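Colleague: Following this line is run_28.txt, made up of compact mmCIF, C-alpha atoms:
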```txt
# COMPACT_ATOMS: atom_id res chain seq x y z
CA MET A 1 -105.47 20.76 130.06
CA ASN A 2 -103.50 17.60 129.64
CA THR A 3 -102.13 15.74 132.60
CA ASP A 4 -99.53 13.06 132.34
CA THR A 5 -102.11 10.30 132.84
CA ASP A 6 -103.15 10.49 129.19
CA LYS A 7 -99.63 10.54 127.79
CA ARG A 8 -97.92 7.77 125.90
CA ASP A 9 -94.35 6.82 125.27
CA PHE A 10 -93.16 8.23 121.97
CA PRO A 11 -90.10 7.18 119.94
CA VAL A 12 -87.22 9.54 120.69
CA SER A 13 -85.95 9.21 117.11
CA ASN A 14 -89.10 11.03 115.93
CA VAL A 15 -89.27 14.05 118.25
CA ARG A 16 -88.81 16.15 115.11
CA ARG A 17 -92.56 15.71 114.58
CA TYR A 18 -93.11 18.13 117.47
CA LEU A 19 -89.93 20.23 117.53
CA GLU A 20 -89.11 20.76 113.86
CA PRO A 21 -92.20 22.98 113.26
CA GLY A 22 -90.50 25.45 115.61
CA PRO A 23 -92.77 25.87 118.66
CA VAL A 24 -91.90 27.80 121.77
CA VAL A 25 -91.07 25.28 124.50
CA LEU A 26 -90.84 25.39 128.29
CA VAL A 27 -87.53 24.03 129.56
CA SER A 28 -87.69 22.65 133.11
CA SER A 29 -84.58 21.96 135.16
CA LYS A 30 -83.55 20.84 138.63
CA TRP A 31 -80.33 21.35 140.53
CA GLN A 32 -79.94 20.31 144.13
CA ASN A 33 -83.32 21.23 145.69
CA GLU A 34 -84.28 23.94 143.25
CA THR A 35 -86.36 23.77 140.07
CA ASP A 36 -86.72 26.35 137.32
CA ILE A 37 -88.57 26.88 134.04
CA MET A 38 -87.74 29.03 131.05
CA THR A 39 -89.43 29.85 127.76
CA LEU A 40 -87.30 28.98 124.72
CA GLY A 41 -87.73 29.54 121.01
CA TRP A 42 -84.13 29.08 119.86
CA HIS A 43 -83.76 25.34 119.29
CA THR A 44 -83.25 22.91 116.41
CA VAL A 45 -83.32 19.21 115.79
CA MET A 46 -79.78 18.02 114.96
CA GLU A 47 -79.99 14.23 114.52
CA PHE A 48 -82.49 11.35 114.55
CA VAL A 49 -80.28 8.67 116.17
CA PRO A 50 -79.05 9.57 118.70
CA SER A 51 -81.95 11.99 119.08
CA LEU A 52 -80.15 15.34 119.31
CA VAL A 53 -81.62 18.79 119.89
CA GLY A 54 -79.54 21.98 120.06
CA CYS A 55 -80.73 24.83 122.35
CA MET A 56 -79.41 28.37 122.65
CA ILE A 57 -79.91 29.20 126.34
CA SER A 58 -78.54 32.62 127.21
CA SER A 59 -76.38 32.84 130.30
CA ALA A 60 -78.73 35.66 131.39
CA ASN A 61 -81.25 32.91 132.22
CA HIS A 62 -81.06 31.24 135.64
CA THR A 63 -81.77 27.97 133.81
CA HIS A 64 -78.41 28.22 132.02
CA GLU A 65 -76.42 27.69 135.20
CA MET A 66 -78.81 25.02 136.50
CA ILE A 67 -78.32 22.96 133.34
CA ARG A 68 -74.55 23.49 133.34
CA GLN A 69 -74.52 21.95 136.80
CA SER A 70 -77.13 19.20 136.44
CA ARG A 71 -76.38 18.43 132.76
CA GLU A 72 -80.03 17.61 132.07
CA CYS A 73 -83.45 19.16 131.51
CA VAL A 74 -86.94 18.48 130.16
CA ILE A 75 -88.22 20.18 127.01
CA ASN A 76 -92.00 20.56 127.49
CA LEU A 77 -94.38 21.49 124.67
CA PRO A 78 -97.08 24.01 125.63
CA THR A 79 -100.16 24.89 123.56
CA THR A 80 -102.35 27.99 123.32
CA ALA A 81 -104.06 26.90 126.57
CA LEU A 82 -100.84 28.07 128.23
CA THR A 83 -100.24 31.30 126.30
CA ASP A 84 -100.25 33.58 129.33
CA THR A 85 -98.06 31.14 131.25
CA VAL A 86 -95.53 31.01 128.39
CA ALA A 87 -95.37 34.81 128.36
CA GLY A 88 -95.19 35.01 132.16
CA VAL A 89 -92.44 32.39 132.45
CA GLY A 90 -90.47 34.23 129.78
CA ASN A 91 -90.78 37.55 131.60
CA SER A 92 -89.71 36.52 135.08
CA SER A 93 -86.58 35.11 136.69
CA GLY A 94 -86.13 31.89 138.62
CA LEU A 95 -83.69 33.80 140.80
CA GLU A 96 -86.66 35.72 142.21
CA ILE A 97 -89.63 33.34 142.12
CA ASP A 98 -90.52 29.65 142.11
CA LYS A 99 -92.09 29.42 138.68
CA PHE A 100 -93.97 26.16 139.33
CA ALA A 101 -95.72 27.83 142.29
CA GLU A 102 -96.14 31.26 140.70
CA PHE A 103 -97.73 29.90 137.54
CA ASN A 104 -99.61 27.05 139.20
CA LEU A 105 -97.88 24.34 137.18
CA THR A 106 -97.81 20.67 138.10
CA LYS A 107 -94.47 18.95 138.71
CA GLN A 108 -94.49 15.36 137.54
CA ARG A 109 -91.71 12.85 137.94
CA ALA A 110 -89.63 12.15 134.83
CA SER A 111 -88.37 8.66 133.98
CA ARG A 112 -84.74 9.24 133.15
CA VAL A 113 -83.81 12.63 134.59
CA GLU A 114 -84.30 14.47 137.89
CA ALA A 115 -85.81 17.58 136.31
CA PRO A 116 -89.63 17.53 136.55
CA LEU A 117 -92.13 17.32 133.70
CA ILE A 118 -94.66 20.16 133.48
CA GLY A 119 -97.95 18.25 133.65
CA GLU A 120 -100.04 20.85 131.78
CA CYS A 121 -97.94 20.54 128.61
CA HIS A 122 -98.83 18.43 125.57
CA ALA A 123 -95.51 16.58 125.38
CA HIS A 124 -92.30 16.13 127.36
CA PHE A 125 -88.81 15.34 126.09
CA GLU A 126 -86.38 14.27 128.78
CA CYS A 127 -82.86 15.39 127.86
CA ARG A 128 -79.29 14.77 128.94
CA LEU A 129 -76.49 17.09 127.92
CA HIS A 130 -74.75 15.34 125.05
CA ASP A 131 -72.06 17.88 124.16
CA ASP A 132 -71.10 21.16 125.83
CA VAL A 133 -68.46 22.17 123.29
CA LEU A 134 -70.38 25.34 122.30
CA VAL A 135 -71.68 26.31 125.73
CA ASP A 136 -68.88 28.71 126.58
CA THR A 137 -68.69 30.35 123.17
CA TYR A 138 -72.37 30.43 122.07
CA ASN A 139 -74.48 29.35 125.09
CA PHE A 140 -75.43 26.44 122.81
CA PHE A 141 -76.30 23.14 124.51
CA ILE A 142 -76.53 19.94 122.47
CA PHE A 143 -78.95 17.59 124.24
CA GLU A 144 -79.86 13.96 123.66
CA VAL A 145 -83.55 13.20 124.12
CA VAL A 146 -83.53 10.02 126.20
CA LYS A 147 -87.28 9.65 126.79
CA ALA A 148 -90.38 11.17 125.18
CA HIS A 149 -94.00 11.34 126.38
CA VAL A 150 -96.79 12.74 124.19
CA ALA A 151 -100.52 13.25 124.81
CA ALA A 152 -102.66 10.90 122.71
CA GLN A 153 -104.94 13.76 121.67
CA PRO A 154 -105.14 16.11 119.90
CA GLU A 155 -103.08 14.79 117.01
CA HIS A 156 -102.11 18.34 116.04
CA PRO A 157 -101.67 20.48 119.17
CA GLU A 158 -102.20 24.21 118.78
CA THR A 159 -98.60 25.23 119.44
CA LEU A 160 -97.20 28.74 119.85
CA HIS A 161 -94.44 30.09 117.61
CA TYR A 162 -92.74 33.25 118.80
CA ARG A 163 -92.05 36.14 116.42
CA GLY A 164 -90.59 38.52 118.99
CA ASP A 165 -92.11 41.76 120.27
CA GLY A 166 -94.75 39.93 122.33
CA GLU A 167 -96.35 38.28 119.30
CA PHE A 168 -96.98 34.59 118.65
CA MET A 169 -97.95 32.77 115.48
CA VAL A 170 -100.31 29.87 116.20
CA ALA A 171 -100.11 26.49 114.47
CA GLY A 172 -102.66 26.37 111.64
CA GLY A 173 -103.84 23.68 109.23
CA THR A 174 -102.08 20.65 107.77
CA ILE A 175 -100.92 20.02 104.21
CA ASP A 176 -100.18 16.43 103.24
CA ARG A 177 -97.70 16.02 100.39
CA ARG A 178 -96.63 12.45 101.12
CA SER A 179 -97.28 11.59 97.47
CA LEU A 180 -94.38 13.86 96.46
CA PHE A 181 -91.90 12.31 98.87
CA THR A 182 -89.79 9.71 97.14
CA ARG A 183 -87.52 9.44 100.17
CA VAL A 184 -89.75 9.99 103.19
CA LEU A 185 -87.76 11.95 105.74
CA MET B 1 -95.86 35.21 93.69
CA ASN B 2 -93.42 37.74 95.03
CA THR B 3 -90.58 39.02 92.98
CA ASP B 4 -87.68 40.94 94.38
CA THR B 5 -89.05 44.23 93.08
CA ASP B 6 -91.47 44.49 96.00
CA LYS B 7 -88.92 43.61 98.69
CA ARG B 8 -87.42 45.93 101.24
CA ASP B 9 -84.27 45.94 103.28
CA PHE B 10 -84.90 44.46 106.69
CA PRO B 11 -82.70 44.78 109.82
CA VAL B 12 -80.50 41.70 110.13
CA SER B 13 -80.70 41.87 113.93
CA ASN B 14 -84.42 41.03 113.69
CA VAL B 15 -84.46 38.04 111.33
CA ARG B 16 -85.84 36.06 114.30
CA ARG B 17 -89.23 37.51 113.31
CA TYR B 18 -89.22 35.16 110.31
CA LEU B 19 -86.96 32.30 111.39
CA GLU B 20 -87.81 31.76 115.06
CA PRO B 21 -91.36 30.49 114.27
CA GLY B 22 -89.59 27.52 112.64
CA PRO B 23 -90.51 27.56 108.94
CA VAL B 24 -89.05 25.29 106.30
CA VAL B 25 -86.58 27.35 104.26
CA LEU B 26 -84.93 26.98 100.88
CA VAL B 27 -81.15 27.34 101.06
CA SER B 28 -79.53 28.50 97.82
CA SER B 29 -75.82 28.24 97.19
CA LYS B 30 -73.25 28.86 94.46
CA TRP B 31 -69.80 27.42 93.96
CA GLN B 32 -67.78 28.08 90.82
CA ASN B 33 -70.39 28.01 88.02
CA GLU B 34 -72.89 25.79 89.77
CA THR B 35 -75.93 26.70 91.87
CA ASP B 36 -78.01 24.47 94.12
CA ILE B 37 -81.07 24.63 96.38
CA MET B 38 -82.05 22.48 99.33
CA THR B 39 -85.06 22.34 101.66
CA LEU B 40 -84.15 22.78 105.32
CA GLY B 41 -86.12 22.54 108.55
CA TRP B 42 -83.27 22.13 111.04
CA HIS B 43 -82.18 25.65 111.89
CA THR B 44 -82.22 28.01 114.87
CA VAL B 45 -81.55 31.63 115.62
CA MET B 46 -78.44 31.89 117.83
CA GLU B 47 -77.80 35.61 118.36
CA PHE B 48 -79.23 39.04 117.52
CA VAL B 49 -75.92 40.94 117.04
CA PRO B 50 -74.09 39.60 115.16
CA SER B 51 -77.15 38.04 113.53
CA LEU B 52 -76.35 34.33 113.84
CA VAL B 53 -78.33 31.34 112.54
CA GLY B 54 -77.28 27.71 113.02
CA CYS B 55 -78.19 25.18 110.30
CA MET B 56 -77.83 21.38 110.34
CA ILE B 57 -77.05 20.53 106.72
CA SER B 58 -76.41 16.83 106.26
CA SER B 59 -73.35 15.89 104.26
CA ALA B 60 -75.73 13.73 102.18
CA ASN B 61 -76.91 16.99 100.59
CA HIS B 62 -74.98 18.35 97.62
CA THR B 63 -75.45 21.79 99.20
CA HIS B 64 -73.26 20.78 102.13
CA GLU B 65 -70.12 20.57 100.03
CA MET B 66 -71.01 23.70 98.04
CA ILE B 67 -71.28 25.72 101.25
CA ARG B 68 -68.09 24.22 102.68
CA GLN B 69 -66.30 25.51 99.60
CA SER B 70 -68.02 28.87 99.08
CA ARG B 71 -68.59 29.62 102.80
CA GLU B 72 -71.86 31.39 102.04
CA CYS B 73 -75.50 30.83 101.14
CA VAL B 74 -78.91 32.49 101.04
CA ILE B 75 -81.72 31.36 103.35
CA ASN B 76 -84.96 31.98 101.42
CA LEU B 77 -88.42 31.87 103.02
CA PRO B 78 -91.08 30.09 100.93
CA THR B 79 -94.84 30.19 101.58
CA THR B 80 -97.68 27.80 100.77
CA ALA B 81 -97.63 29.13 97.18
CA LEU B 82 -94.44 27.05 96.85
CA THR B 83 -95.54 23.88 98.69
CA ASP B 84 -94.96 21.52 95.77
CA THR B 85 -91.64 23.18 95.01
CA VAL B 86 -90.49 22.80 98.62
CA ALA B 87 -91.38 19.11 98.50
CA GLY B 88 -89.78 18.65 95.09
CA VAL B 89 -86.55 20.42 96.02
CA GLY B 90 -86.34 18.26 99.15
CA ASN B 91 -86.79 15.07 97.17
CA SER B 92 -84.20 15.60 94.45
CA SER B 93 -80.45 16.03 94.29
CA GLY B 94 -78.44 18.89 92.88
CA LEU B 95 -75.95 16.29 91.69
CA GLU B 96 -78.54 15.16 89.13
CA ILE B 97 -80.55 18.22 88.21
CA ASP B 98 -80.35 22.01 88.05
CA LYS B 99 -83.02 22.85 90.61
CA PHE B 100 -83.55 26.44 89.45
CA ALA B 101 -84.38 25.15 85.96
CA GLU B 102 -86.28 22.05 87.08
CA PHE B 103 -88.59 23.94 89.43
CA ASN B 104 -88.82 27.09 87.31
CA LEU B 105 -87.38 29.36 90.00
CA THR B 106 -85.96 32.82 89.37
CA LYS B 107 -82.34 33.55 90.22
CA GLN B 108 -81.85 37.07 91.51
CA ARG B 109 -78.59 38.74 92.36
CA ALA B 110 -77.78 39.04 96.05
CA SER B 111 -76.07 42.11 97.50
CA ARG B 112 -73.37 40.64 99.68
CA VAL B 113 -72.87 37.04 98.52
CA GLU B 114 -72.49 35.21 95.21
CA ALA B 115 -75.29 32.72 95.90
CA PRO B 116 -78.55 33.76 94.18
CA LEU B 117 -81.81 34.79 95.84
CA ILE B 118 -84.87 32.73 94.88
CA GLY B 119 -87.18 35.44 93.56
CA GLU B 120 -90.45 33.59 94.31
CA CYS B 121 -89.77 33.50 98.07
CA HIS B 122 -91.18 35.96 100.62
CA ALA B 123 -87.84 36.85 102.19
CA HIS B 124 -84.11 36.31 101.67
CA PHE B 125 -81.33 36.25 104.24
CA GLU B 126 -77.84 36.48 102.77
CA CYS B 127 -75.40 34.52 104.92
CA ARG B 128 -71.67 34.12 105.38
CA LEU B 129 -70.20 31.20 107.27
CA HIS B 130 -69.33 32.57 110.70
CA ASP B 131 -67.99 29.47 112.42
CA ASP B 132 -67.36 25.97 111.08
CA VAL B 133 -66.30 24.42 114.40
CA LEU B 134 -69.21 21.93 114.38
CA VAL B 135 -69.29 21.16 110.66
CA ASP B 136 -67.10 18.06 110.84
CA THR B 137 -68.73 16.63 113.96
CA TYR B 138 -72.41 17.59 113.53
CA ASN B 139 -72.80 19.03 110.00
CA PHE B 140 -73.76 22.21 111.87
CA PHE B 141 -73.00 25.51 110.14
CA ILE B 142 -73.14 28.77 112.11
CA PHE B 143 -73.96 31.58 109.65
CA GLU B 144 -74.03 35.33 110.05
CA VAL B 145 -76.91 37.01 108.22
CA VAL B 146 -75.23 39.95 106.48
CA LYS B 147 -78.22 41.27 104.50
CA ALA B 148 -81.98 40.71 104.69
CA HIS B 149 -84.74 41.44 102.15
CA VAL B 150 -88.42 40.94 103.01
CA ALA B 151 -91.59 41.42 100.93
CA ALA B 152 -93.68 44.36 102.14
CA GLN B 153 -96.86 42.26 102.05
CA PRO B 154 -98.36 40.16 103.48
CA GLU B 155 -97.33 41.05 107.02
CA HIS B 156 -97.79 37.43 108.09
CA PRO B 157 -96.74 35.09 105.26
CA GLU B 158 -98.34 31.64 105.22
CA THR B 159 -95.16 29.68 105.96
CA LEU B 160 -94.71 25.89 105.93
CA HIS B 161 -93.51 24.00 109.00
CA TYR B 162 -92.39 20.43 108.39
CA ARG B 163 -93.48 17.60 110.68
CA GLY B 164 -91.81 14.78 108.78
CA ASP B 165 -93.52 11.98 106.83
CA GLY B 166 -94.54 14.32 104.00
CA GLU B 167 -96.70 16.51 106.25
CA PHE B 168 -96.54 20.26 106.79
CA MET B 169 -98.15 22.46 109.43
CA VAL B 170 -99.18 25.83 108.01
CA ALA B 171 -98.79 29.14 109.87
CA GLY B 172 -102.11 30.08 111.48
CA GLY B 173 -103.38 33.09 113.39
CA THR B 174 -101.60 35.62 115.57
CA ILE B 175 -101.81 36.13 119.33
CA ASP B 176 -100.56 39.45 120.70
CA ARG B 177 -99.39 39.36 124.32
CA ARG B 178 -97.23 42.48 124.24
CA SER B 179 -98.98 43.67 127.41
CA LEU B 180 -97.43 40.76 129.33
CA PHE B 181 -93.88 41.47 128.17
CA THR B 182 -91.99 43.51 130.71
CA ARG B 183 -88.77 42.99 128.83
CA VAL B 184 -89.69 42.88 125.17
CA LEU B 185 -87.46 40.38 123.45
```
Show me the file's structure as structure tokens.

Modeller:
Amino acid sequence: MNTDTDKRDFPVSNVRRYLEPGPVVLVSSKWQNETDIMTLGWHTVMEFVPSLVGCMISSANHTHEMIRQSRECVINLPTTALTDTVAGVGNSSGLEIDKFAEFNLTKQRASRVEAPLIGECHAHFECRLHDDVLVDTYNFFIFEVVKAHVAAQPEHPETLHYRGDGEFMVAGGTIDRRSLFTRVL
Amino acid sequence: MNTDTDKRDFPVSNVRRYLEPGPVVLVSSKWQNETDIMTLGWHTVMEFVPSLVGCMISSANHTHEMIRQSRECVINLPTTALTDTVAGVGNSSGLEIDKFAEFNLTKQRASRVEAPLIGECHAHFECRLHDDVLVDTYNFFIFEVVKAHVAAQPEHPETLHYRGDGEFMVAGGTIDRRSLFTRVL
């Protein structure tokens, strides 16, 4: 699995490369002396500059309150190497267990936030809460990605895409249609 | 390609099955006598009941104004059979062309909204604008899916997932981890 030693800085304005395809992510948080992790599939890119990502984090998750308090988190990108971990993290509560210990995950220091990176993931997006206007009404947090780290290889990580009911779609092949893009976005 | 004749009603509370994996979608709209289509990758499921989906639709898109006026749209799910169409729709403007005519797409009547379904797509989610609170500030529309139609086959459509720069990831295999889900969500 990847460790942070082989990761490179990545432009925050282009995190859509990893998040727009819709992978399940692991959100890590820290508040006071506690850390937590949750599995999240309900997120969307919202802007390039500033680099905004919207996340629907139910108040039933312990992470919800931790992020309300700390106003930051890290969005980590797992691959199929972590399938059982993704399922396990999503089916347990940080109120009851220490998920880093339980799932044998490596805490690594982030650059811009206190929440830890999850070393075994392919990429890490350090986030600060940008706007909480929809937190009370929809549990919807708008984050700014303030720092991004991505593994140099593989170019196309085998990400997991949740369909519900315990079933994941796995990232498949690549189709290049650059020739059809008059305005490359 | 699919036509609507082989599509079935699908529970709106479970549209996450198709949208949560993060596919590019084609958003169709109608206002007065005009229709439009846009390609969209920036969307997220927000709630099961009511069935809410958030979409970031830039005001640079003609569709943005059409939806502001009509307060409805259809989210259509294309597959790799429509790759060139998805690219073409995303690289043209409804101010200049009639996209249904230009890309030879079939308008079909929706059940609950005036906007047309795109017959060649695998699934259709008829939407009404549920909350416009973030439209002015973030171009973010919160829709309620009021009716869903999905093709009976294939079970796992080969959807397109945009990475930017003219490149798509294609939906790959399936991993079933139902056994690890204590609370099946």

Colleague: Find the residues around Leu77 in chain A up to 7 Å (only C-alpha atoms counted), leave out those fewer than 6 positions away in its own chain, and share them as JSON, numbers by chain.

Modeller: {"A": [25, 26, 121, 122, 123, 124]}

Colleague: Near Ser111 in chain A, counting only C-alpha atoms, which residues have an atom at most 12 Å away, once you skip same-chain residues fewer than 5 positions from it, shown as a ChimeraX atom specification?

Modeller: /A:9,73-74,116-117,124-127,145-149

Colleague: To one decimal in Å, tell me the separation between CA of Ile97 in chain A and CA of Asp36 in chain A.

Modeller: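 Computing it gives 9.0 Å between the two atoms.
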
Colleague: Which one of A:Leu95, A:Val89, A:Met56, A:Val12 sits closest to chain B if you count all atoms listed in the file?

Modeller: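 Smallest distance to chain B is found for A:Met56.
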
Colleague: Please report, as JSON lines, each residue of chain B lying at most 9 Å from chain A, together with the nearest pair of atoms and the separation in Å rounded to one decimal; use all atoms listed in the file, and order rows by chain and ascending residue number.

Modeller:
```
{"residue": "B:Asn14", "atom": "CA", "partner": "A:Gly164", "partner_atom": "CA", "distance": 8.5}
{"residue": "B:Arg16", "atom": "CA", "partner": "A:Arg163", "partner_atom": "CA", "distance": 6.6}
{"residue": "B:Arg17", "atom": "CA", "partner": "A:Arg163", "partner_atom": "CA", "distance": 4.4}
{"residue": "B:Tyr18", "atom": "CA", "partner": "A:Arg163", "partner_atom": "CA", "distance": 6.8}
{"residue": "B:Leu19", "atom": "CA", "partner": "A:Arg163", "partner_atom": "CA", "distance": 8.1}
{"residue": "B:Glu20", "atom": "CA", "partner": "A:Arg163", "partner_atom": "CA", "distance": 6.2}
{"residue": "B:Pro21", "atom": "CA", "partner": "A:His161", "partner_atom": "CA", "distance": 4.6}
{"residue": "B:Gly22", "atom": "CA", "partner": "A:Gly22", "partner_atom": "CA", "distance": 3.7}
{"residue": "B:Pro23", "atom": "CA", "partner": "A:Pro21", "partner_atom": "CA", "distance": 6.5}
{"residue": "B:Val24", "atom": "CA", "partner": "A:Pro21", "partner_atom": "CA", "distance": 8.0}
{"residue": "B:Gly41", "atom": "CA", "partner": "A:Glu20", "partner_atom": "CA", "distance": 6.3}
{"residue": "B:Trp42", "atom": "CA", "partner": "A:Thr44", "partner_atom": "CA", "distance": 5.4}
{"residue": "B:His43", "atom": "CA", "partner": "A:Thr44", "partner_atom": "CA", "distance": 5.4}
{"residue": "B:Thr44", "atom": "CA", "partner": "A:His43", "partner_atom": "CA", "distance": 5.4}
{"residue": "B:Val45", "atom": "CA", "partner": "A:Trp42", "partner_atom": "CA", "distance": 5.6}
{"residue": "B:Met46", "atom": "CA", "partner": "A:Met56", "partner_atom": "CA", "distance": 6.0}
{"residue": "B:Glu47", "atom": "CA", "partner": "A:Tyr138", "partner_atom": "CA", "distance": 8.4}
{"residue": "B:Gly54", "atom": "CA", "partner": "A:Thr44", "partner_atom": "CA", "distance": 8.4}
{"residue": "B:Cys55", "atom": "CA", "partner": "A:Thr44", "partner_atom": "CA", "distance": 8.3}
{"residue": "B:Met56", "atom": "CA", "partner": "A:Met46", "partner_atom": "CA", "distance": 6.0}
{"residue": "B:Thr83", "atom": "CA", "partner": "A:Arg177", "partner_atom": "CA", "distance": 8.3}
{"residue": "B:Asp84", "atom": "CA", "partner": "A:Arg177", "partner_atom": "CA", "distance": 7.7}
{"residue": "B:Ala87", "atom": "CA", "partner": "A:Leu180", "partner_atom": "CA", "distance": 6.4}
{"residue": "B:Gly88", "atom": "CA", "partner": "A:Leu180", "partner_atom": "CA", "distance": 6.8}
{"residue": "B:Gly90", "atom": "CA", "partner": "A:Phe181", "partner_atom": "CA", "distance": 8.1}
{"residue": "B:Asn91", "atom": "CA", "partner": "A:Phe181", "partner_atom": "CA", "distance": 6.1}
{"residue": "B:Ser92", "atom": "CA", "partner": "A:Thr182", "partner_atom": "CA", "distance": 8.6}
{"residue": "B:Val133", "atom": "CA", "partner": "A:Leu134", "partner_atom": "CA", "distance": 8.9}
{"residue": "B:Leu134", "atom": "CA", "partner": "A:Leu134", "partner_atom": "CA", "distance": 8.7}
{"residue": "B:Tyr138", "atom": "CA", "partner": "A:Met46", "partner_atom": "CA", "distance": 7.5}
{"residue": "B:Asn139", "atom": "CA", "partner": "A:Met46", "partner_atom": "CA", "distance": 8.6}
{"residue": "B:Phe140", "atom": "CA", "partner": "A:Met46", "partner_atom": "CA", "distance": 8.0}
{"residue": "B:His156", "atom": "CA", "partner": "A:Met169", "partner_atom": "CA", "distance": 8.7}
{"residue": "B:Leu160", "atom": "CA", "partner": "A:Pro21", "partner_atom": "CA", "distance": 8.3}
{"residue": "B:His161", "atom": "CA", "partner": "A:Pro21", "partner_atom": "CA", "distance": 4.6}
{"residue": "B:Tyr162", "atom": "CA", "partner": "A:Pro21", "partner_atom": "CA", "distance": 5.5}
{"residue": "B:Arg163", "atom": "CA", "partner": "A:Arg17", "partner_atom": "CA", "distance": 4.4}
{"residue": "B:Gly164", "atom": "CA", "partner": "A:Leu185", "partner_atom": "CA", "distance": 5.8}
{"residue": "B:Asp165", "atom": "CA", "partner": "A:Val184", "partner_atom": "CA", "distance": 5.6}
{"residue": "B:Gly166", "atom": "CA", "partner": "A:Arg178", "partner_atom": "CA", "distance": 4.0}
{"residue": "B:Glu167", "atom": "CA", "partner": "A:Asp176", "partner_atom": "CA", "distance": 4.6}
{"residue": "B:Phe168", "atom": "CA", "partner": "A:Ile175", "partner_atom": "CA", "distance": 5.1}
{"residue": "B:Met169", "atom": "CA", "partner": "A:Thr174", "partner_atom": "CA", "distance": 4.6}
{"residue": "B:Val170", "atom": "CA", "partner": "A:Gly172", "partner_atom": "CA", "distance": 5.1}
{"residue": "B:Ala171", "atom": "CA", "partner": "A:Gly172", "partner_atom": "CA", "distance": 5.1}
{"residue": "B:Gly172", "atom": "CA", "partner": "A:Gly172", "partner_atom": "CA", "distance": 3.8}
{"residue": "B:Gly173", "atom": "CA", "partner": "A:Val170", "partner_atom": "CA", "distance": 5.3}
{"residue": "B:Thr174", "atom": "CA", "partner": "A:Met169", "partner_atom": "CA", "distance": 4.6}
{"residue": "B:Ile175", "atom": "CA", "partner": "A:Phe168", "partner_atom": "CA", "distance": 5.1}
{"residue": "B:Asp176", "atom": "CA", "partner": "A:Glu167", "partner_atom": "CA", "distance": 4.6}
{"residue": "B:Arg177", "atom": "CA", "partner": "A:Gly166", "partner_atom": "CA", "distance": 5.1}
{"residue": "B:Arg178", "atom": "CA", "partner": "A:Gly166", "partner_atom": "CA", "distance": 4.0}
{"residue": "B:Ser179", "atom": "CA", "partner": "A:Gly166", "partner_atom": "CA", "distance": 7.6}
{"residue": "B:Leu180", "atom": "CA", "partner": "A:Ala87", "partner_atom": "CA", "distance": 6.4}
{"residue": "B:Phe181", "atom": "CA", "partner": "A:Asn91", "partner_atom": "CA", "distance": 6.1}
{"residue": "B:Thr182", "atom": "CA", "partner": "A:Asn91", "partner_atom": "CA", "distance": 6.1}
{"residue": "B:Arg183", "atom": "CA", "partner": "A:Asn91", "partner_atom": "CA", "distance": 6.4}
{"residue": "B:Val184", "atom": "CA", "partner": "A:Asp165", "partner_atom": "CA", "distance": 5.6}
{"residue": "B:Leu185", "atom": "CA", "partner": "A:Gly164", "partner_atom": "CA", "distance": 5.8}
```

Colleague: Once 6 Å is added on each side, what are the centre and the three edge lengths, in Å to one decimal, of the axis-aligned box enclosing the listed atoms of range 52-63 of chain A? Present them as AutoDock Vina command-line options.

Modeller:
```
--center_x -79.1 --center_y 25.5 --center_z 127.5 --size_x 17.4 --size_y 32.3 --size_z 28.3
```

Colleague: Between CA of Asp132 in chain A and CA of Thr35 in chain A, what is the distance in Å, rounded to a tenth?

Modeller: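 Those two atoms sit 21.0 Å apart.
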
Colleague: Please return as an MDAnalysis selection string every residue within 9 Å of (-68.3, 30.5, 105.9), taking into account only C-alpha atoms and the file's own coordinates.

Modeller: chainID B and resid 67:73 127:132 141:144

Colleague: Quote the spacing between CA of Thr39 in chain A and CA of Thr63 in chain A in Å to one decimal place.

Modeller: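 For CA of Thr39 in chain A relative to CA of Thr63 in chain A, the distance reads 9.9 Å.
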